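Student: Next up, run_15.pdb (PDB, C-alpha atoms and all ligand atoms).
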ATOM      1  CA  MET B 784       0.000   0.000   0.000  1.00  0.00           C
ATOM      2  CA  ARG B 785       1.232   3.435  -0.925  1.00  0.00           C
ATOM      3  CA  ASN B 786       1.281   5.976   1.853  1.00  0.00           C
ATOM      4  CA  ALA B 787      -1.528   8.009   0.363  1.00  0.00           C
ATOM      5  CA  ASP B 788      -4.057   5.213   0.840  1.00  0.00           C
ATOM      6  CA  GLU B 789      -3.072   4.741   4.447  1.00  0.00           C
ATOM      7  CA  MET B 790      -3.196   8.485   5.040  1.00  0.00           C
ATOM      8  CA  LEU B 791      -6.764   8.693   3.770  1.00  0.00           C
ATOM      9  CA  GLU B 792      -7.796   5.864   6.066  1.00  0.00           C
ATOM     10  CA  ILE B 793      -6.124   7.430   9.080  1.00  0.00           C
ATOM     11  CA  ALA B 794      -7.746  10.790   8.420  1.00  0.00           C
ATOM     12  CA  ALA B 795     -11.155   9.224   7.941  1.00  0.00           C
ATOM     13  CA  ALA B 796     -10.875   7.580  11.346  1.00  0.00           C
ATOM     14  CA  ARG B 797      -9.874  10.801  13.079  1.00  0.00           C
ATOM     15  CA  THR B 798     -12.289  13.443  11.832  1.00  0.00           C
ATOM     16  CA  SER B 799     -13.468  14.406  15.303  1.00  0.00           C
ATOM     17  CA  GLU B 800      -9.903  15.027  16.415  1.00  0.00           C
ATOM     18  CA  LEU B 801      -8.945  16.832  13.195  1.00  0.00           C
ATOM     19  CA  ALA B 802     -11.949  19.114  12.976  1.00  0.00           C
ATOM     20  CA  ALA B 803     -11.376  22.674  14.113  1.00  0.00           C
ATOM     21  CA  PRO B 804     -14.851  24.205  13.994  1.00  0.00           C
ATOM     22  CA  GLY B 805     -14.712  27.935  14.409  1.00  0.00           C
ATOM     23  CA  LEU B 806     -10.930  28.091  14.766  1.00  0.00           C
ATOM     24  CA  SER B 807      -9.712  31.266  13.061  1.00  0.00           C
ATOM     25  CA  PRO B 808      -7.302  30.935  10.140  1.00  0.00           C
ATOM     26  CA  ARG B 809      -5.483  33.961  11.565  1.00  0.00           C
ATOM     27  CA  PRO B 810      -2.576  32.660  13.638  1.00  0.00           C
ATOM     28  CA  ARG B 811      -3.377  33.189  17.308  1.00  0.00           C
ATOM     29  CA  ARG B 812       0.214  34.116  18.199  1.00  0.00           C
ATOM     30  CA  ARG B 813       0.705  36.261  15.085  1.00  0.00           C
ATOM     31  CA  VAL B 814       3.856  34.415  14.108  1.00  0.00           C
ATOM     32  CA  ALA B 815       5.041  32.647  10.965  1.00  0.00           C
ATOM     33  CA  VAL B 816       7.743  29.989  11.116  1.00  0.00           C
ATOM     34  CA  LEU B 817       9.935  29.276   8.087  1.00  0.00           C
ATOM     35  CA  ALA B 818      11.754  25.981   8.550  1.00  0.00           C
ATOM     36  CA  CYS B 819      13.588  23.224   6.723  1.00  0.00           C
ATOM     37  CA  MET B 820      11.482  20.271   5.620  1.00  0.00           C
ATOM     38  CA  ASP B 821      13.850  17.889   7.424  1.00  0.00           C
ATOM     39  CA  THR B 822      12.010  14.995   9.073  1.00  0.00           C
ATOM     40  CA  ARG B 823      13.798  15.511  12.388  1.00  0.00           C
ATOM     41  CA  LEU B 824      12.390  18.974  13.046  1.00  0.00           C
ATOM     42  CA  ASP B 825       9.235  18.517  15.096  1.00  0.00           C
ATOM     43  CA  LEU B 826       8.304  22.172  15.194  1.00  0.00           C
ATOM     44  CA  PHE B 827       5.217  22.074  17.406  1.00  0.00           C
ATOM     45  CA  PRO B 828       6.879  20.656  20.516  1.00  0.00           C
ATOM     46  CA  MET B 829      10.174  22.402  19.701  1.00  0.00           C
ATOM     47  CA  LEU B 830       8.595  25.856  19.660  1.00  0.00           C
ATOM     48  CA  GLY B 831       5.730  25.250  22.052  1.00  0.00           C
ATOM     49  CA  LEU B 832       3.127  25.694  19.351  1.00  0.00           C
ATOM     50  CA  GLN B 833      -0.449  24.476  19.240  1.00  0.00           C
ATOM     51  CA  ARG B 834      -2.688  24.194  16.227  1.00  0.00           C
ATOM     52  CA  GLY B 835      -3.986  27.649  15.350  1.00  0.00           C
ATOM     53  CA  ASP B 836      -0.955  29.448  16.772  1.00  0.00           C
ATOM     54  CA  ALA B 837       1.298  29.960  13.766  1.00  0.00           C
ATOM     55  CA  HIS B 838       1.803  29.667  10.058  1.00  0.00           C
ATOM     56  CA  ILE B 839       4.355  26.998   9.218  1.00  0.00           C
ATOM     57  CA  ILE B 840       6.203  27.388   5.913  1.00  0.00           C
ATOM     58  CA  ARG B 841       8.663  24.662   5.046  1.00  0.00           C
ATOM     59  CA  ASN B 842      11.057  24.095   2.182  1.00  0.00           C
ATOM     60  CA  ALA B 843      14.405  22.450   1.543  1.00  0.00           C
ATOM     61  CA  GLY B 844      16.822  24.225   3.856  1.00  0.00           C
ATOM     62  CA  GLY B 845      14.347  26.647   5.398  1.00  0.00           C
ATOM     63  CA  LEU B 846      15.684  29.149   2.878  1.00  0.00           C
ATOM     64  CA  VAL B 847      14.277  32.573   2.112  1.00  0.00           C
ATOM     65  CA  THR B 848      13.282  31.901  -1.472  1.00  0.00           C
ATOM     66  CA  ASP B 849      10.930  33.995  -3.576  1.00  0.00           C
ATOM     67  CA  ASP B 850       8.174  31.536  -2.747  1.00  0.00           C
ATOM     68  CA  ALA B 851       8.898  31.695   0.976  1.00  0.00           C
ATOM     69  CA  ILE B 852       8.562  35.485   0.722  1.00  0.00           C
ATOM     70  CA  ARG B 853       5.282  35.020  -1.141  1.00  0.00           C
ATOM     71  CA  SER B 854       3.923  32.913   1.723  1.00  0.00           C
ATOM     72  CA  LEU B 855       5.262  35.248   4.401  1.00  0.00           C
ATOM     73  CA  SER B 856       3.792  38.223   2.588  1.00  0.00           C
ATOM     74  CA  ALA B 857       0.378  36.531   2.510  1.00  0.00           C
ATOM     75  CA  SER B 858       0.797  35.574   6.160  1.00  0.00           C
ATOM     76  CA  GLN B 859       1.388  39.164   7.196  1.00  0.00           C
ATOM     77  CA  ARG B 860      -0.787  41.092   4.770  1.00  0.00           C
ATOM     78  CA  LEU B 861      -3.784  38.777   4.624  1.00  0.00           C
ATOM     79  CA  LEU B 862      -3.713  36.943   7.923  1.00  0.00           C
ATOM     80  CA  GLY B 863      -2.220  39.332  10.415  1.00  0.00           C
ATOM     81  CA  THR B 864       1.118  37.840  11.468  1.00  0.00           C
ATOM     82  CA  GLU B 865       3.810  40.258  12.621  1.00  0.00           C
ATOM     83  CA  GLU B 866       6.706  38.060  13.669  1.00  0.00           C
ATOM     84  CA  ILE B 867       8.920  35.628  11.726  1.00  0.00           C
ATOM     85  CA  VAL B 868      11.075  32.821  13.096  1.00  0.00           C
ATOM     86  CA  VAL B 869      13.427  30.991  10.710  1.00  0.00           C
ATOM     87  CA  VAL B 870      14.599  27.521  11.746  1.00  0.00           C
ATOM     88  CA  MET B 871      17.550  25.884  10.015  1.00  0.00           C
ATOM     89  CA  HIS B 872      19.497  22.942  11.401  1.00  0.00           C
ATOM     90  CA  ASP B 873      22.784  21.141  11.649  1.00  0.00           C
ATOM     91  CA  GLY B 874      23.204  18.213   9.282  1.00  0.00           C
ATOM     92  CA  CYS B 875      20.979  19.677   6.570  1.00  0.00           C
ATOM     93  CA  GLY B 876      20.837  17.851   3.254  1.00  0.00           C
ATOM     94  CA  LEU B 877      21.769  21.093   1.496  1.00  0.00           C
ATOM     95  CA  HIS B 878      24.879  21.551   3.630  1.00  0.00           C
ATOM     96  CA  GLY B 879      27.811  20.685   1.415  1.00  0.00           C
ATOM     97  CA  ALA B 880      25.640  19.617  -1.521  1.00  0.00           C
ATOM     98  CA  SER B 881      26.905  20.515  -4.979  1.00  0.00           C
ATOM     99  CA  GLU B 882      24.952  23.191  -6.788  1.00  0.00           C
ATOM    100  CA  ASP B 883      26.757  22.322 -10.013  1.00  0.00           C
ATOM    101  CA  GLU B 884      26.212  18.563  -9.826  1.00  0.00           C
ATOM    102  CA  PHE B 885      22.533  19.069  -9.045  1.00  0.00           C
ATOM    103  CA  ALA B 886      22.154  21.436 -11.999  1.00  0.00           C
ATOM    104  CA  GLN B 887      24.002  19.018 -14.259  1.00  0.00           C
ATOM    105  CA  ALA B 888      21.748  16.141 -13.237  1.00  0.00           C
ATOM    106  CA  LEU B 889      18.698  18.238 -14.050  1.00  0.00           C
ATOM    107  CA  ALA B 890      20.231  19.307 -17.353  1.00  0.00           C
ATOM    108  CA  LEU B 891      20.732  15.654 -18.275  1.00  0.00           C
ATOM    109  CA  ASP B 892      16.982  15.258 -17.808  1.00  0.00           C
ATOM    110  CA  GLY B 893      16.425  18.230 -20.075  1.00  0.00           C
ATOM    111  CA  VAL B 894      15.527  20.692 -17.328  1.00  0.00           C
ATOM    112  CA  LEU B 895      16.972  24.159 -16.845  1.00  0.00           C
ATOM    113  CA  PRO B 896      15.140  25.407 -13.759  1.00  0.00           C
ATOM    114  CA  THR B 897      14.782  29.088 -12.942  1.00  0.00           C
ATOM    115  CA  TRP B 898      15.571  28.312  -9.293  1.00  0.00           C
ATOM    116  CA  ARG B 899      18.741  27.190  -7.572  1.00  0.00           C
ATOM    117  CA  LEU B 900      19.057  24.266  -5.177  1.00  0.00           C
ATOM    118  CA  GLY B 901      20.365  26.571  -2.462  1.00  0.00           C
ATOM    119  CA  ALA B 902      23.314  24.428  -1.384  1.00  0.00           C
ATOM    120  CA  PHE B 903      25.402  26.059   1.333  1.00  0.00           C
ATOM    121  CA  GLU B 904      28.656  25.547   3.207  1.00  0.00           C
ATOM    122  CA  ASP B 905      27.938  27.448   6.430  1.00  0.00           C
ATOM    123  CA  VAL B 906      24.531  27.155   8.085  1.00  0.00           C
ATOM    124  CA  GLU B 907      24.999  30.174  10.332  1.00  0.00           C
ATOM    125  CA  ALA B 908      26.231  32.458   7.536  1.00  0.00           C
ATOM    126  CA  THR B 909      23.349  31.305   5.365  1.00  0.00           C
ATOM    127  CA  LEU B 910      20.867  32.068   8.118  1.00  0.00           C
ATOM    128  CA  VAL B 911      22.354  35.520   8.697  1.00  0.00           C
ATOM    129  CA  HIS B 912      21.978  36.200   4.987  1.00  0.00           C
ATOM    130  CA  SER B 913      18.370  34.953   5.054  1.00  0.00           C
ATOM    131  CA  LEU B 914      17.494  37.203   7.983  1.00  0.00           C
ATOM    132  CA  ALA B 915      19.008  40.183   6.178  1.00  0.00           C
ATOM    133  CA  ARG B 916      16.981  39.413   3.082  1.00  0.00           C
ATOM    134  CA  LEU B 917      13.757  39.251   5.109  1.00  0.00           C
ATOM    135  CA  ARG B 918      14.581  42.506   6.857  1.00  0.00           C
ATOM    136  CA  SER B 919      14.929  44.223   3.499  1.00  0.00           C
ATOM    137  CA  SER B 920      11.838  42.660   1.911  1.00  0.00           C
ATOM    138  CA  ARG B 921       9.168  45.281   1.400  1.00  0.00           C
ATOM    139  CA  GLU B 922       6.722  42.501   0.599  1.00  0.00           C
ATOM    140  CA  LEU B 923       6.547  42.143   4.369  1.00  0.00           C
ATOM    141  CA  ARG B 924       4.477  44.644   6.298  1.00  0.00           C
ATOM    142  CA  THR B 925       6.265  44.143   9.613  1.00  0.00           C
ATOM    143  CA  ARG B 926      10.030  43.546   9.708  1.00  0.00           C
ATOM    144  CA  GLU B 927      10.832  44.401  13.314  1.00  0.00           C
ATOM    145  CA  TYR B 928      10.469  40.910  14.748  1.00  0.00           C
ATOM    146  CA  ILE B 929      12.584  38.526  12.693  1.00  0.00           C
ATOM    147  CA  ARG B 930      14.748  35.945  14.446  1.00  0.00           C
ATOM    148  CA  GLY B 931      16.763  32.927  13.351  1.00  0.00           C
ATOM    149  CA  PHE B 932      17.471  29.641  15.111  1.00  0.00           C
ATOM    150  CA  VAL B 933      19.569  26.563  14.323  1.00  0.00           C
ATOM    151  CA  PHE B 934      18.427  23.185  15.658  1.00  0.00           C
ATOM    152  CA  ASN B 935      20.828  20.343  16.355  1.00  0.00           C
ATOM    153  CA  PRO B 936      18.984  17.048  15.786  1.00  0.00           C
ATOM    154  CA  GLU B 937      21.634  15.089  17.697  1.00  0.00           C
ATOM    155  CA  THR B 938      21.375  17.031  20.946  1.00  0.00           C
ATOM    156  CA  GLY B 939      17.938  18.598  20.616  1.00  0.00           C
ATOM    157  CA  ALA B 940      19.430  22.026  21.292  1.00  0.00           C
ATOM    158  CA  LEU B 941      18.068  25.123  19.579  1.00  0.00           C
ATOM    159  CA  ARG B 942      20.434  28.087  19.343  1.00  0.00           C
ATOM    160  CA  GLU B 943      19.896  31.609  18.125  1.00  0.00           C
ATOM    161  CA  VAL B 944      21.961  33.086  15.316  1.00  0.00           C
ATOM    162  CA  ASP B 945      22.393  36.809  14.699  1.00  0.00           C
ATOM    163  CA  GLY B 946      20.795  37.768  18.017  1.00  0.00           C
ATOM    164  CA  GLY B 947      17.886  39.345  16.186  1.00  0.00           C
ATOM    165  CA  ALA B 948      20.175  42.317  15.540  1.00  0.00           C
ATOM    166  CA  GLY B 949      19.200  44.989  13.121  1.00  0.00           C
ATOM    167  CA  GLY B 950      15.808  46.258  12.156  1.00  0.00           C
ATOM    168  CA  PRO B 951      14.410  46.772   8.701  1.00  0.00           C
ATOM    169  CA  SER B 952      17.190  48.023   6.480  1.00  0.00           C
ATOM    170  CA  ALA B 953      15.026  49.626   3.851  1.00  0.00           C
TER     171      ALA B 953
HETATM  172 ZN    ZN B1001      17.521  20.679   6.239  1.00  0.00          ZN
END
Please, can you express the file's structure as structure tokens?
Ligand SMILES: [Zn+2]
Tutor:
Amino acid sequence: MRNADEMLEIAAARTSELAAPGLSPRPRRRVAVLACMDTRLDLFPMLGLQRGDAHIIRNAGGLVTDDAIRSLSASQRLLGTEEIVVVMHDGCGLHGASEDEFAQALALDGVLPTWRLGAFEDVEATLVHSLARLRSSRELRTREYIRGFVFNPETGALREVDGGAGGPSA
């Protein structure tokens, strides 16, 4: 059985627990979390979140891509969030990956994507760069509360990078 079949069965058996009648789509804690899609990041217990509290935006790396900015812009402008937390992690699949080899593999399949993989060598430097990009993104209505964390899946520790320094730069 493919996962999708099992997922449908599970959901069908849990409708009473999954239903959220009357719960607002506007995040209760007015925060959006941008995080890596890595399986080891269990964001709800990590950040003390409950359903309804936050928008969760995930992609490979937890990188500030154009599409992440699209989602964060919608989160702030349409649904009232004011704070952004970015969560990257040690041992990321993009850490040390080869941008060139990935592009070559795609080219062999006849694809020349408009996006880059986003491979990086230094998680903390990458996060600092991401935070700076968010702080200069006018797509966002509120840029005062943007912080960045790195999770270590081996120890469970979450550390802050950049100290939340610097407000909107533009
Ligand atoms: Zn990752």
Student: Have a look at atom CA of B:Met829 and atom CA of B:Ala908 and let me know their distance in Å, one decimal.
Tutor: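 Between atom CA of B:Met829 and atom CA of B:Ala908 the gap is 22.5 Å.
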Student: Can I get the residues of chain B within 9 Å of ligand ZN 1001 (chain B), each with the closest pair of atoms and their distance in Å to one decimal, using only C-alpha atoms and all ligand atoms, sorted chain first then ascending number, as a Markdown table?
Tutor:
| residue | atom | partner | partner_atom | distance |
| --- | --- | --- | --- | --- |
| B:Ala818 | CA | B:ZN1001 | ZN | 8.2 |
| B:Cys819 | CA | B:ZN1001 | ZN | 4.7 |
| B:Met820 | CA | B:ZN1001 | ZN | 6.1 |
| B:Asp821 | CA | B:ZN1001 | ZN | 4.8 |
| B:Thr822 | CA | B:ZN1001 | ZN | 8.4 |
| B:Arg823 | CA | B:ZN1001 | ZN | 8.9 |
| B:Leu824 | CA | B:ZN1001 | ZN | 8.7 |
| B:Asn842 | CA | B:ZN1001 | ZN | 8.4 |
| B:Ala843 | CA | B:ZN1001 | ZN | 5.9 |
| B:Gly844 | CA | B:ZN1001 | ZN | 4.3 |
| B:Gly845 | CA | B:ZN1001 | ZN | 6.8 |
| B:Met871 | CA | B:ZN1001 | ZN | 6.4 |
| B:His872 | CA | B:ZN1001 | ZN | 6.0 |
| B:Asp873 | CA | B:ZN1001 | ZN | 7.6 |
| B:Gly874 | CA | B:ZN1001 | ZN | 6.9 |
| B:Cys875 | CA | B:ZN1001 | ZN | 3.6 |
| B:Gly876 | CA | B:ZN1001 | ZN | 5.3 |
| B:Leu877 | CA | B:ZN1001 | ZN | 6.4 |
| B:His878 | CA | B:ZN1001 | ZN | 7.9 |
Student: For the file shown, what are the residues hit by the PyMOL selection byres (((chain B and resi 919-936) around 9) and not hetatm), laid out as a PyMOL selection string?
Tutor: chain B and resi 823-824+852-853+855-860+864-874+906-907+910-911+913-918+937-953
Student: I need the output of the PyMOL selection byres (((chain B and resi 888-901) around 10) and not hetatm) for this file as a count of residues only; which residues are they?
Tutor: 20
Student: Could you write out as a short mmCIF file (atom, residue, chain, number, x, y, z; two decimals) with C-alpha atoms, keeping the file's coordinate frame the residues that the PyMOL selection byres (((chain B and resi 839) around 8) and not hetatm) matches in the shown file?
Tutor:
data_model
loop_
_atom_site.label_atom_id
_atom_site.label_comp_id
_atom_site.auth_asym_id
_atom_site.auth_seq_id
_atom_site.Cartn_x
_atom_site.Cartn_y
_atom_site.Cartn_z
CA ALA B 815 5.04 32.65 10.96
CA VAL B 816 7.74 29.99 11.12
CA LEU B 817 9.94 29.28 8.09
CA ALA B 818 11.75 25.98 8.55
CA ALA B 837 1.30 29.96 13.77
CA HIS B 838 1.80 29.67 10.06
CA ILE B 840 6.20 27.39 5.91
CA ARG B 841 8.66 24.66 5.05
#
Student: Pick from B:Leu801, B:His912, B:Leu862, B:Ser807: nearest to B:Gly835, with only C-alpha atoms counted?
Tutor: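 Answer, going by the shortest atom-to-atom distance: B:Ser807.
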Student: As AutoDock Vina command-line options, please: the centre and edge lengths in Å, to one decimal, of an axis-aligned box enclosing every listed atom of stretch 930-941 of chain B with 3 Å added on each side.
Tutor:
--center_x 18.2 --center_y 25.5 --center_z 17.3 --size_x 12.9 --size_y 26.9 --size_z 13.9
Student: Quick one: distance from atom CA of B:Ile793 to atom CA of B:Leu830 in Å, one decimal?
Tutor: 25.8 Å
Student: Please list as a PDB file with C-alpha atoms, keeping the file's coordinate frame every residue within 10 Å of B:Gln833, counting all atoms listed in the file and excluding residues in the same chain fewer than 6 positions away.
Tutor:
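Final file, result.pdb:
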ATOM      1  CA  ARG B 811      -3.377  33.189  17.308  1.00  0.00           C
ATOM      2  CA  ARG B 812       0.214  34.116  18.199  1.00  0.00           C
ATOM      3  CA  LEU B 826       8.304  22.172  15.194  1.00  0.00           C
ATOM      4  CA  PHE B 827       5.217  22.074  17.406  1.00  0.00           C
TER       5      PHE B 827
END
Student: What does the distance between atom CA of B:Arg813 and atom CA of B:Gly863 come to in Å, to one decimal place?
Tutor: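 Going from atom CA of B:Arg813 over to atom CA of B:Gly863 covers 6.3 Å.
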